[in-house]
>>> print(open('final.cif').read())   # mmCIF, C-alpha atoms and all ligand atoms
data_run
#
loop_
_atom_site.group_PDB
_atom_site.id
_atom_site.type_symbol
_atom_site.label_atom_id
_atom_site.label_comp_id
_atom_site.auth_asym_id
_atom_site.auth_seq_id
_atom_site.Cartn_x
_atom_site.Cartn_y
_atom_site.Cartn_z
ATOM 1 C CA MET A 1066 145.008 -30.776 -96.272
ATOM 2 C CA GLU A 1067 148.657 -30.785 -95.238
ATOM 3 C CA PHE A 1068 151.613 -31.267 -97.548
ATOM 4 C CA TYR A 1069 154.864 -32.756 -96.382
ATOM 5 C CA ILE A 1070 157.957 -32.865 -98.554
ATOM 6 C CA ASP A 1071 159.324 -36.388 -99.007
ATOM 7 C CA THR A 1072 163.070 -35.775 -99.069
ATOM 8 C CA ALA A 1073 166.215 -35.253 -97.014
ATOM 9 C CA GLU A 1074 167.550 -32.614 -99.443
ATOM 10 C CA ILE A 1075 167.861 -29.491 -97.303
ATOM 11 C CA GLU A 1076 167.826 -27.035 -100.242
ATOM 12 C CA ALA A 1077 164.508 -28.414 -101.528
ATOM 13 C CA ILE A 1078 163.079 -28.337 -98.011
ATOM 14 C CA LYS A 1079 164.111 -24.679 -97.553
ATOM 15 C CA LYS A 1080 162.748 -23.742 -100.999
ATOM 16 C CA TYR A 1081 159.280 -25.133 -100.380
ATOM 17 C CA TRP A 1082 159.159 -24.110 -96.702
ATOM 18 C CA ASP A 1083 159.900 -20.522 -97.724
ATOM 19 C CA MET A 1084 157.103 -20.697 -100.340
ATOM 20 C CA GLY A 1085 154.669 -21.574 -97.548
ATOM 21 C CA VAL A 1086 153.296 -24.689 -99.214
ATOM 22 C CA ILE A 1087 154.663 -27.441 -96.976
ATOM 23 C CA ASP A 1088 153.768 -28.224 -93.380
ATOM 24 C CA GLY A 1089 156.363 -30.890 -92.601
ATOM 25 C CA VAL A 1090 158.929 -33.381 -93.875
ATOM 26 C CA THR A 1091 159.110 -37.139 -94.243
ATOM 27 C CA THR A 1092 162.336 -39.085 -94.642
ATOM 28 C CA ASN A 1093 163.249 -42.740 -94.827
ATOM 29 C CA PRO A 1094 166.564 -44.649 -94.866
ATOM 30 C CA THR A 1095 166.706 -44.494 -98.687
ATOM 31 C CA LEU A 1096 166.211 -40.722 -98.764
ATOM 32 C CA ILE A 1097 168.833 -40.166 -96.046
ATOM 33 C CA ALA A 1098 171.302 -42.397 -97.940
ATOM 34 C CA ARG A 1099 170.538 -40.523 -101.193
ATOM 35 C CA SER A 1100 171.425 -37.211 -99.513
ATOM 36 C CA GLY A 1101 174.930 -38.586 -98.873
ATOM 37 C CA ARG A 1102 174.930 -36.792 -95.508
ATOM 38 C CA VAL A 1103 175.424 -37.819 -91.881
ATOM 39 C CA PHE A 1104 172.009 -38.664 -90.400
ATOM 40 C CA SER A 1105 172.326 -36.579 -87.220
ATOM 41 C CA GLU A 1106 173.451 -33.506 -89.177
ATOM 42 C CA VAL A 1107 170.623 -33.758 -91.721
ATOM 43 C CA VAL A 1108 167.928 -34.133 -89.067
ATOM 44 C CA ALA A 1109 169.314 -31.242 -87.021
ATOM 45 C CA GLU A 1110 169.379 -29.023 -90.146
ATOM 46 C CA ILE A 1111 165.830 -29.964 -91.140
ATOM 47 C CA ALA A 1112 164.638 -29.198 -87.598
ATOM 48 C CA GLU A 1113 166.276 -25.745 -87.845
ATOM 49 C CA VAL A 1114 164.159 -24.907 -90.896
ATOM 50 C CA VAL A 1115 160.864 -26.737 -90.435
ATOM 51 C CA LYS A 1116 158.565 -25.972 -87.524
ATOM 52 C CA GLY A 1117 156.187 -28.824 -88.284
ATOM 53 C CA PRO A 1118 156.173 -32.643 -88.193
ATOM 54 C CA ILE A 1119 159.455 -34.269 -89.289
ATOM 55 C CA SER A 1120 159.262 -38.031 -89.761
ATOM 56 C CA VAL A 1121 162.434 -40.058 -89.224
ATOM 57 C CA GLU A 1122 162.517 -43.824 -89.440
ATOM 58 C CA ALA A 1123 163.311 -46.316 -86.683
ATOM 59 C CA VAL A 1124 164.952 -49.406 -88.153
ATOM 60 C CA SER A 1125 165.116 -51.833 -85.214
ATOM 61 C CA GLU A 1126 163.364 -55.195 -85.338
ATOM 62 C CA THR A 1127 161.901 -55.958 -81.915
ATOM 63 C CA ALA A 1128 159.312 -53.808 -80.127
ATOM 64 C CA GLU A 1129 161.685 -53.157 -77.247
ATOM 65 C CA GLU A 1130 164.482 -52.048 -79.608
ATOM 66 C CA LEU A 1131 162.077 -49.893 -81.621
ATOM 67 C CA ILE A 1132 160.939 -48.159 -78.429
ATOM 68 C CA GLU A 1133 164.496 -47.459 -77.258
ATOM 69 C CA GLU A 1134 165.557 -46.246 -80.725
ATOM 70 C CA SER A 1135 162.457 -44.049 -80.962
ATOM 71 C CA LYS A 1136 163.103 -42.428 -77.583
ATOM 72 C CA LYS A 1137 166.587 -41.417 -78.795
ATOM 73 C CA LEU A 1138 165.272 -40.149 -82.157
ATOM 74 C CA ALA A 1139 162.599 -38.095 -80.383
ATOM 75 C CA GLU A 1140 165.385 -36.130 -78.671
ATOM 76 C CA TYR A 1141 166.160 -34.389 -81.985
ATOM 77 C CA GLY A 1142 163.305 -31.966 -81.307
ATOM 78 C CA GLU A 1143 159.684 -31.343 -80.416
ATOM 79 C CA HIS A 1144 158.500 -31.869 -84.020
ATOM 80 C CA ILE A 1145 160.032 -35.304 -84.518
ATOM 81 C CA VAL A 1146 157.642 -38.091 -85.519
ATOM 82 C CA ILE A 1147 158.942 -41.662 -85.523
ATOM 83 C CA LYS A 1148 158.287 -43.860 -88.533
ATOM 84 C CA ILE A 1149 157.540 -47.348 -87.283
ATOM 85 C CA PRO A 1150 157.302 -50.375 -89.589
ATOM 86 C CA MET A 1151 153.888 -52.019 -90.076
ATOM 87 C CA THR A 1152 154.795 -55.249 -88.288
ATOM 88 C CA GLU A 1153 153.594 -56.993 -85.132
ATOM 89 C CA ALA A 1154 156.573 -55.548 -83.260
ATOM 90 C CA GLY A 1155 155.871 -52.158 -84.809
ATOM 91 C CA LEU A 1156 152.277 -52.157 -83.581
ATOM 92 C CA LYS A 1157 153.362 -53.060 -80.051
ATOM 93 C CA ALA A 1158 155.966 -50.291 -80.128
ATOM 94 C CA THR A 1159 153.364 -47.843 -81.476
ATOM 95 C CA LYS A 1160 151.060 -48.543 -78.546
ATOM 96 C CA GLU A 1161 153.847 -47.955 -76.013
ATOM 97 C CA LEU A 1162 155.234 -44.863 -77.763
ATOM 98 C CA THR A 1163 151.745 -43.334 -77.894
ATOM 99 C CA LYS A 1164 151.453 -43.870 -74.133
ATOM 100 C CA LEU A 1165 154.792 -42.071 -73.728
ATOM 101 C CA GLY A 1166 153.525 -39.129 -75.808
ATOM 102 C CA ILE A 1167 155.893 -39.845 -78.727
ATOM 103 C CA LYS A 1168 154.259 -39.315 -82.131
ATOM 104 C CA THR A 1169 154.365 -42.188 -84.615
ATOM 105 C CA ASN A 1170 153.966 -42.622 -88.358
ATOM 106 C CA VAL A 1171 153.315 -46.279 -89.129
ATOM 107 C CA THR A 1172 154.909 -46.853 -92.498
ATOM 108 C CA LEU A 1173 154.889 -49.353 -95.358
ATOM 109 C CA ILE A 1174 151.093 -49.714 -95.284
ATOM 110 C CA PHE A 1175 149.625 -51.438 -98.332
ATOM 111 C CA SER A 1176 146.073 -52.347 -97.245
ATOM 112 C CA ALA A 1177 143.148 -50.774 -95.392
ATOM 113 C CA SER A 1178 143.297 -53.587 -92.832
ATOM 114 C CA GLN A 1179 146.886 -52.617 -91.994
ATOM 115 C CA ALA A 1180 145.835 -48.975 -91.734
ATOM 116 C CA LEU A 1181 142.982 -49.937 -89.404
ATOM 117 C CA LEU A 1182 145.285 -51.927 -87.098
ATOM 118 C CA ALA A 1183 147.856 -49.120 -87.004
ATOM 119 C CA ALA A 1184 145.098 -46.667 -86.067
ATOM 120 C CA LYS A 1185 143.853 -49.035 -83.332
ATOM 121 C CA ALA A 1186 147.406 -49.210 -81.932
ATOM 122 C CA GLY A 1187 147.322 -45.432 -81.599
ATOM 123 C CA ALA A 1188 149.407 -44.288 -84.575
ATOM 124 C CA THR A 1189 149.482 -40.528 -85.023
ATOM 125 C CA TYR A 1190 149.847 -41.090 -88.781
ATOM 126 C CA VAL A 1191 149.472 -44.064 -91.120
ATOM 127 C CA SER A 1192 151.438 -43.921 -94.391
ATOM 128 C CA VAL A 1193 149.825 -45.599 -97.395
ATOM 129 C CA PHE A 1194 152.340 -46.227 -100.211
ATOM 130 C CA VAL A 1195 150.184 -45.741 -103.293
ATOM 131 C CA GLY A 1196 152.921 -45.631 -105.941
ATOM 132 C CA ARG A 1197 154.448 -48.937 -104.929
ATOM 133 C CA LEU A 1198 150.991 -50.565 -105.137
ATOM 134 C CA ASP A 1199 150.447 -49.031 -108.587
ATOM 135 C CA ASP A 1200 153.863 -50.379 -109.610
ATOM 136 C CA LYS A 1201 152.572 -53.892 -108.845
ATOM 137 C CA GLY A 1202 149.425 -53.426 -110.918
ATOM 138 C CA HIS A 1203 147.062 -52.507 -108.060
ATOM 139 C CA GLU A 1204 145.054 -49.307 -107.611
ATOM 140 C CA GLY A 1205 146.982 -47.821 -104.685
ATOM 141 C CA MET A 1206 144.528 -44.972 -104.143
ATOM 142 C CA ASP A 1207 141.758 -47.490 -103.290
ATOM 143 C CA VAL A 1208 143.561 -48.113 -100.002
ATOM 144 C CA VAL A 1209 143.425 -44.386 -99.223
ATOM 145 C CA TRP A 1210 139.699 -44.205 -100.076
ATOM 146 C CA GLU A 1211 138.885 -47.258 -97.924
ATOM 147 C CA SER A 1212 141.022 -46.143 -94.983
ATOM 148 C CA SER A 1213 139.572 -42.649 -95.159
ATOM 149 C CA GLN A 1214 136.010 -43.979 -95.045
ATOM 150 C CA ILE A 1215 136.768 -46.345 -92.176
ATOM 151 C CA PHE A 1216 138.507 -43.644 -90.115
ATOM 152 C CA GLN A 1217 135.554 -41.286 -90.708
ATOM 153 C CA ASN A 1218 132.970 -43.965 -89.827
ATOM 154 C CA PHE A 1219 134.474 -44.426 -86.383
ATOM 155 C CA GLY A 1220 136.000 -41.010 -85.721
ATOM 156 C CA MET A 1221 139.492 -42.519 -85.567
ATOM 157 C CA GLU A 1222 142.134 -39.964 -84.686
ATOM 158 C CA SER A 1223 145.015 -41.239 -86.834
ATOM 159 C CA LYS A 1224 145.802 -39.116 -89.862
ATOM 160 C CA ILE A 1225 146.295 -40.692 -93.264
ATOM 161 C CA ILE A 1226 149.459 -39.773 -95.169
ATOM 162 C CA THR A 1227 149.378 -40.626 -98.863
ATOM 163 C CA ALA A 1228 152.991 -41.563 -99.602
ATOM 164 C CA SER A 1229 154.992 -42.995 -102.489
ATOM 165 C CA ILE A 1230 153.538 -40.325 -104.750
ATOM 166 C CA ARG A 1231 154.588 -40.574 -108.402
ATOM 167 C CA HIS A 1232 152.796 -37.659 -110.121
ATOM 168 C CA PRO A 1233 150.586 -34.599 -109.407
ATOM 169 C CA ARG A 1234 147.395 -36.574 -110.115
ATOM 170 C CA HIS A 1235 148.170 -38.740 -107.065
ATOM 171 C CA VAL A 1236 148.059 -35.590 -104.923
ATOM 172 C CA ILE A 1237 144.665 -34.509 -106.296
ATOM 173 C CA ASP A 1238 143.244 -38.015 -105.914
ATOM 174 C CA ALA A 1239 144.551 -38.171 -102.335
ATOM 175 C CA ALA A 1240 142.816 -34.866 -101.581
ATOM 176 C CA LYS A 1241 139.540 -36.140 -103.081
ATOM 177 C CA ALA A 1242 139.826 -39.325 -101.006
ATOM 178 C CA GLY A 1243 140.097 -37.275 -97.801
ATOM 179 C CA SER A 1244 143.752 -38.044 -97.065
ATOM 180 C CA HIS A 1245 144.809 -35.668 -94.292
ATOM 181 C CA VAL A 1246 148.330 -35.380 -95.696
ATOM 182 C CA ALA A 1247 150.182 -35.980 -98.965
ATOM 183 C CA THR A 1248 153.929 -36.373 -98.723
ATOM 184 C CA VAL A 1249 155.323 -35.218 -102.026
ATOM 185 C CA PRO A 1250 158.847 -35.529 -103.525
ATOM 186 C CA PRO A 1251 160.438 -32.227 -104.669
ATOM 187 C CA ALA A 1252 160.245 -33.198 -108.354
ATOM 188 C CA ILE A 1253 156.461 -33.637 -108.064
ATOM 189 C CA LEU A 1254 156.083 -30.340 -106.166
ATOM 190 C CA ASP A 1255 157.981 -28.731 -109.075
ATOM 191 C CA LYS A 1256 155.480 -30.255 -111.518
ATOM 192 C CA MET A 1257 152.544 -29.096 -109.396
ATOM 193 C CA THR A 1258 153.875 -25.536 -109.401
ATOM 194 C CA THR A 1259 154.225 -25.068 -113.140
ATOM 195 C CA HIS A 1260 151.910 -25.155 -116.154
ATOM 196 C CA PRO A 1261 152.826 -24.451 -119.808
ATOM 197 C CA LEU A 1262 149.812 -22.129 -120.130
ATOM 198 C CA THR A 1263 151.103 -20.062 -117.201
ATOM 199 C CA ASP A 1264 154.477 -19.694 -118.971
ATOM 200 C CA ASP A 1265 152.728 -18.899 -122.250
ATOM 201 C CA GLY A 1266 150.468 -16.339 -120.560
ATOM 202 C CA LEU A 1267 153.433 -14.619 -118.898
ATOM 203 C CA ALA A 1268 155.334 -14.433 -122.204
ATOM 204 C CA ARG A 1269 152.300 -12.894 -123.946
ATOM 205 C CA PHE A 1270 151.732 -10.328 -121.175
ATOM 206 C CA ALA A 1271 155.426 -9.384 -121.231
ATOM 207 C CA ALA A 1272 155.362 -8.964 -125.025
ATOM 208 C CA ASP A 1273 152.210 -6.813 -124.909
ATOM 209 C CA TRP A 1274 153.438 -4.759 -121.967
ATOM 210 C CA ALA A 1275 156.528 -3.861 -124.010
ATOM 211 C CA LYS A 1276 154.192 -2.131 -126.502
ATOM 212 C CA VAL A 1277 152.559 0.031 -123.814
ATOM 213 C CA LYS A 1278 153.777 3.591 -123.267
ATOM 214 C CA ALA A 1279 154.160 4.335 -119.542
HETATM 215 O O1 LIG B 1301 158.813 -41.872 -97.808
HETATM 216 C C1 LIG B 1301 157.986 -42.956 -98.104
HETATM 217 C C2 LIG B 1301 157.549 -43.062 -99.541
HETATM 218 O O2 LIG B 1301 157.015 -41.841 -99.944
HETATM 219 C C3 LIG B 1301 158.576 -43.636 -100.473
HETATM 220 O O3 LIG B 1301 158.172 -43.554 -101.810
HETATM 221 O O4 LIG B 1301 158.919 -43.513 -104.157
HETATM 222 O O5 LIG B 1301 160.189 -44.903 -102.506
HETATM 223 O O6 LIG B 1301 157.916 -45.581 -103.241
HETATM 224 P P1 LIG B 1301 158.843 -44.448 -102.984
#
>>> encode(input="final.cif", output="structure tokens")
Amino acid sequence: MEFYIDTAEIEAIKKYWDMGVIDGVTTNPTLIARSGRVFSEVVAEIAEVVKGPISVEAVSETAEELIEESKKLAEYGEHIVIKIPMTEAGLKATKELTKLGIKTNVTLIFSASQALLAAKAGATYVSVFVGRLDDKGHEGMDVVWESSQIFQNFGMESKIITASIRHPRHVIDAAKAGSHVATVPPAILDKMTTHPLTDDGLARFAADWAKVKA
């Protein structure tokens, strides 16, 4: 399973890249805005650090505009993946971009039927937003389970990214469901790293070690 970090914060990206636990990065317009940085500078800096897939979002409306915008975004580097909205225009753009050899991440997917169509259009990745479904009272992870089964049934090449992750349990459930990737915010990676029993165990070992004569 691959982990991507879901942020545009360069320090968090460096921290987890250096720990060897992330394979790529996903961003979106909200995350770029939250960083308070200039888009081109942030993407260039991320590409300096991360030698794996880096998703950046195309925001145009028509298929033709999405294709042109995506071609420009792809120039940021060999690892750039273009996030394309799950719309009719987005599917058309996905098909054309795939033909051009540009990798796509079809985003804002909330049902297995959307995931299936995105895969048919040739998406490299399909991003299922589990947290936002949970927020509305649905079981977001069901969409990951269903999509995973469908993709396996037919040997579909698109990879499933479980996105909109709210807590470490989402990551474990995504892994159990066969999601190829989980894209995880830094705060959740922090929670995954630590455990109170680890801290307690370290404190006890340190206290006992102090009693040992070298
Ligand atoms: O990057 C896409 C997705 O992970 C956003 O999550 O927390 O805004 O629902 P969230």
>>> atom_distance(input="final.cif", atom1="CA of Ser1244 in chain A", atom2="CA of Ile1225 in chain A")
5.3 Å
>>> atom_distance(input="final.cif", atom1="CA of Ser1223 in chain A", atom2="CA of Pro1251 in chain A")
25.2 Å
>>> resolve_selection(input="final.cif", expression="the PyMOL selection byres (((not hetatm)) within 7 of (chain B and resi 1301))", output="list of chain:residue names")
A:Asp1071, A:Thr1091, A:Thr1092, A:Asn1093, A:Phe1194, A:Gly1196, A:Arg1197, A:Ala1228, A:Ser1229, A:Ile1230, A:Arg1231, A:Thr1248
>>> resolve_selection(input="final.cif", expression="the PyMOL selection byres (((chain A and resi 1234) around 12) and not hetatm)", output="MDAnalysis selection string")
chainID A and resid 1195:1196 1206 1230:1233 1235:1241 1247 1249 1253:1254 1256:1257
>>> atom_distance(input="final.cif", atom1="CA of Asp1083 in chain A", atom2="CA of Val1115 in chain A")
9.6 Å
>>> closest_residue(input="final.cif", among="A:Ala1252, A:Ile1075, A:Val1090, A:Val1171", to="Thr1189 in chain A", atoms="all atoms listed in the file")
A:Val1171
>>> residues_around(input="final.cif", residues="Val1086 in chain A", least_positions_apart="6", cutoff="9 Å", atoms="only C-alpha atoms", output="mmCIF file with C-alpha atoms, in the coordinates of the input")
data_model
loop_
_atom_site.group_PDB
_atom_site.id
_atom_site.type_symbol
_atom_site.label_atom_id
_atom_site.label_comp_id
_atom_site.auth_asym_id
_atom_site.auth_seq_id
_atom_site.Cartn_x
_atom_site.Cartn_y
_atom_site.Cartn_z
ATOM 1 C CA GLU A 1067 148.657 -30.785 -95.238
ATOM 2 C CA PHE A 1068 151.613 -31.267 -97.548
ATOM 3 C CA TYR A 1069 154.864 -32.756 -96.382
#
>>> resolve_selection(input="final.cif", expression="the PyMOL selection byres (((chain A and resi 1177) around 9) and not hetatm)", output="VMD selection string")
chain A and resid 1174 to 1176 1178 to 1182 1193 1207 to 1213 1215
>>> closest_residue(input="final.cif", among="A:Asp1088, A:Glu1074, A:Glu1126, A:Asp1200", to="Pro1250 in chain A", atoms="all atoms listed in the file")
A:Glu1074
>>> closest_residue(input="final.cif", among="A:Glu1110, A:Leu1156, A:Leu1173, A:Thr1072", to="Leu1096 in chain A", atoms="only C-alpha atoms")
A:Thr1072
>>> build_atoms(input="final.cif", residues="range 1066-1077 of chain A", atoms="all heavy atoms", output="short mmCIF file (atom, residue, chain, number, x, y, z; two decimals), in the coordinates of the input")
data_model
loop_
_atom_site.label_atom_id
_atom_site.label_comp_id
_atom_site.auth_asym_id
_atom_site.auth_seq_id
_atom_site.Cartn_x
_atom_site.Cartn_y
_atom_site.Cartn_z
N MET A 1066 144.06 -29.69 -96.00
CA MET A 1066 145.01 -30.78 -96.27
C MET A 1066 146.44 -30.28 -96.04
O MET A 1066 146.77 -29.16 -96.40
CB MET A 1066 144.87 -31.21 -97.73
CG MET A 1066 145.72 -32.41 -98.08
SD MET A 1066 145.60 -32.77 -99.83
CE MET A 1066 146.29 -34.42 -99.85
N GLU A 1067 147.25 -31.15 -95.44
CA GLU A 1067 148.66 -30.78 -95.24
C GLU A 1067 149.52 -31.43 -96.31
O GLU A 1067 149.23 -32.53 -96.78
CB GLU A 1067 149.12 -31.24 -93.85
CG GLU A 1067 148.45 -30.49 -92.73
CD GLU A 1067 149.10 -30.76 -91.38
OE1 GLU A 1067 149.72 -31.83 -91.22
OE2 GLU A 1067 148.98 -29.91 -90.50
N PHE A 1068 150.59 -30.71 -96.65
CA PHE A 1068 151.61 -31.27 -97.55
C PHE A 1068 152.92 -31.41 -96.77
O PHE A 1068 153.34 -30.45 -96.12
CB PHE A 1068 151.87 -30.33 -98.74
CG PHE A 1068 150.79 -30.33 -99.78
CD1 PHE A 1068 150.65 -29.26 -100.64
CD2 PHE A 1068 149.91 -31.39 -99.91
CE1 PHE A 1068 149.65 -29.23 -101.60
CE2 PHE A 1068 148.91 -31.37 -100.86
CZ PHE A 1068 148.78 -30.29 -101.71
N TYR A 1069 153.50 -32.58 -96.87
CA TYR A 1069 154.86 -32.76 -96.38
C TYR A 1069 155.75 -32.96 -97.61
O TYR A 1069 155.28 -33.43 -98.65
CB TYR A 1069 154.98 -33.99 -95.47
CG TYR A 1069 154.13 -33.94 -94.21
CD1 TYR A 1069 153.87 -35.09 -93.49
CD2 TYR A 1069 153.59 -32.73 -93.76
CE1 TYR A 1069 153.09 -35.05 -92.34
CE2 TYR A 1069 152.80 -32.69 -92.61
CZ TYR A 1069 152.55 -33.85 -91.91
OH TYR A 1069 151.78 -33.82 -90.78
N ILE A 1070 157.02 -32.60 -97.46
CA ILE A 1070 157.96 -32.86 -98.55
C ILE A 1070 158.70 -34.16 -98.22
O ILE A 1070 159.15 -34.35 -97.09
CB ILE A 1070 158.91 -31.66 -98.79
CG1 ILE A 1070 159.67 -31.83 -100.10
CG2 ILE A 1070 159.85 -31.41 -97.63
CD1 ILE A 1070 160.36 -30.54 -100.59
N ASP A 1071 158.77 -35.05 -99.21
CA ASP A 1071 159.32 -36.39 -99.01
C ASP A 1071 160.77 -36.40 -99.50
O ASP A 1071 161.06 -36.85 -100.61
CB ASP A 1071 158.46 -37.38 -99.81
CG ASP A 1071 158.63 -38.83 -99.37
OD1 ASP A 1071 159.02 -39.06 -98.22
OD2 ASP A 1071 158.35 -39.73 -100.19
N THR A 1072 161.67 -35.90 -98.66
CA THR A 1072 163.07 -35.78 -99.07
C THR A 1072 163.94 -35.48 -97.86
O THR A 1072 163.43 -35.04 -96.82
CB THR A 1072 163.24 -34.63 -100.10
OG1 THR A 1072 164.57 -34.64 -100.62
CG2 THR A 1072 163.01 -33.25 -99.48
N ALA A 1073 165.25 -35.69 -98.03
CA ALA A 1073 166.22 -35.25 -97.01
C ALA A 1073 167.13 -34.18 -97.60
O ALA A 1073 168.15 -33.85 -97.01
CB ALA A 1073 167.03 -36.45 -96.51
N GLU A 1074 166.75 -33.66 -98.78
CA GLU A 1074 167.55 -32.61 -99.44
C GLU A 1074 167.20 -31.26 -98.83
O GLU A 1074 166.10 -30.74 -99.06
CB GLU A 1074 167.27 -32.59 -100.95
CG GLU A 1074 167.61 -33.88 -101.68
CD GLU A 1074 169.11 -34.19 -101.68
OE1 GLU A 1074 169.92 -33.25 -101.48
OE2 GLU A 1074 169.46 -35.37 -101.86
N ILE A 1075 168.14 -30.69 -98.09
CA ILE A 1075 167.86 -29.49 -97.30
C ILE A 1075 167.50 -28.29 -98.19
O ILE A 1075 166.63 -27.49 -97.83
CB ILE A 1075 169.03 -29.17 -96.33
CG1 ILE A 1075 168.59 -28.16 -95.29
CG2 ILE A 1075 170.28 -28.75 -97.05
CD1 ILE A 1075 167.70 -28.68 -94.22
N GLU A 1076 168.13 -28.18 -99.37
CA GLU A 1076 167.83 -27.04 -100.24
C GLU A 1076 166.37 -27.08 -100.72
O GLU A 1076 165.69 -26.05 -100.77
CB GLU A 1076 168.79 -26.99 -101.44
CG GLU A 1076 170.20 -26.53 -101.08
CD GLU A 1076 170.24 -25.26 -100.21
OE1 GLU A 1076 169.50 -24.31 -100.52
OE2 GLU A 1076 170.98 -25.23 -99.21
N ALA A 1077 165.91 -28.27 -101.09
CA ALA A 1077 164.51 -28.41 -101.53
C ALA A 1077 163.55 -28.13 -100.37
O ALA A 1077 162.50 -27.49 -100.55
CB ALA A 1077 164.28 -29.83 -102.07
#
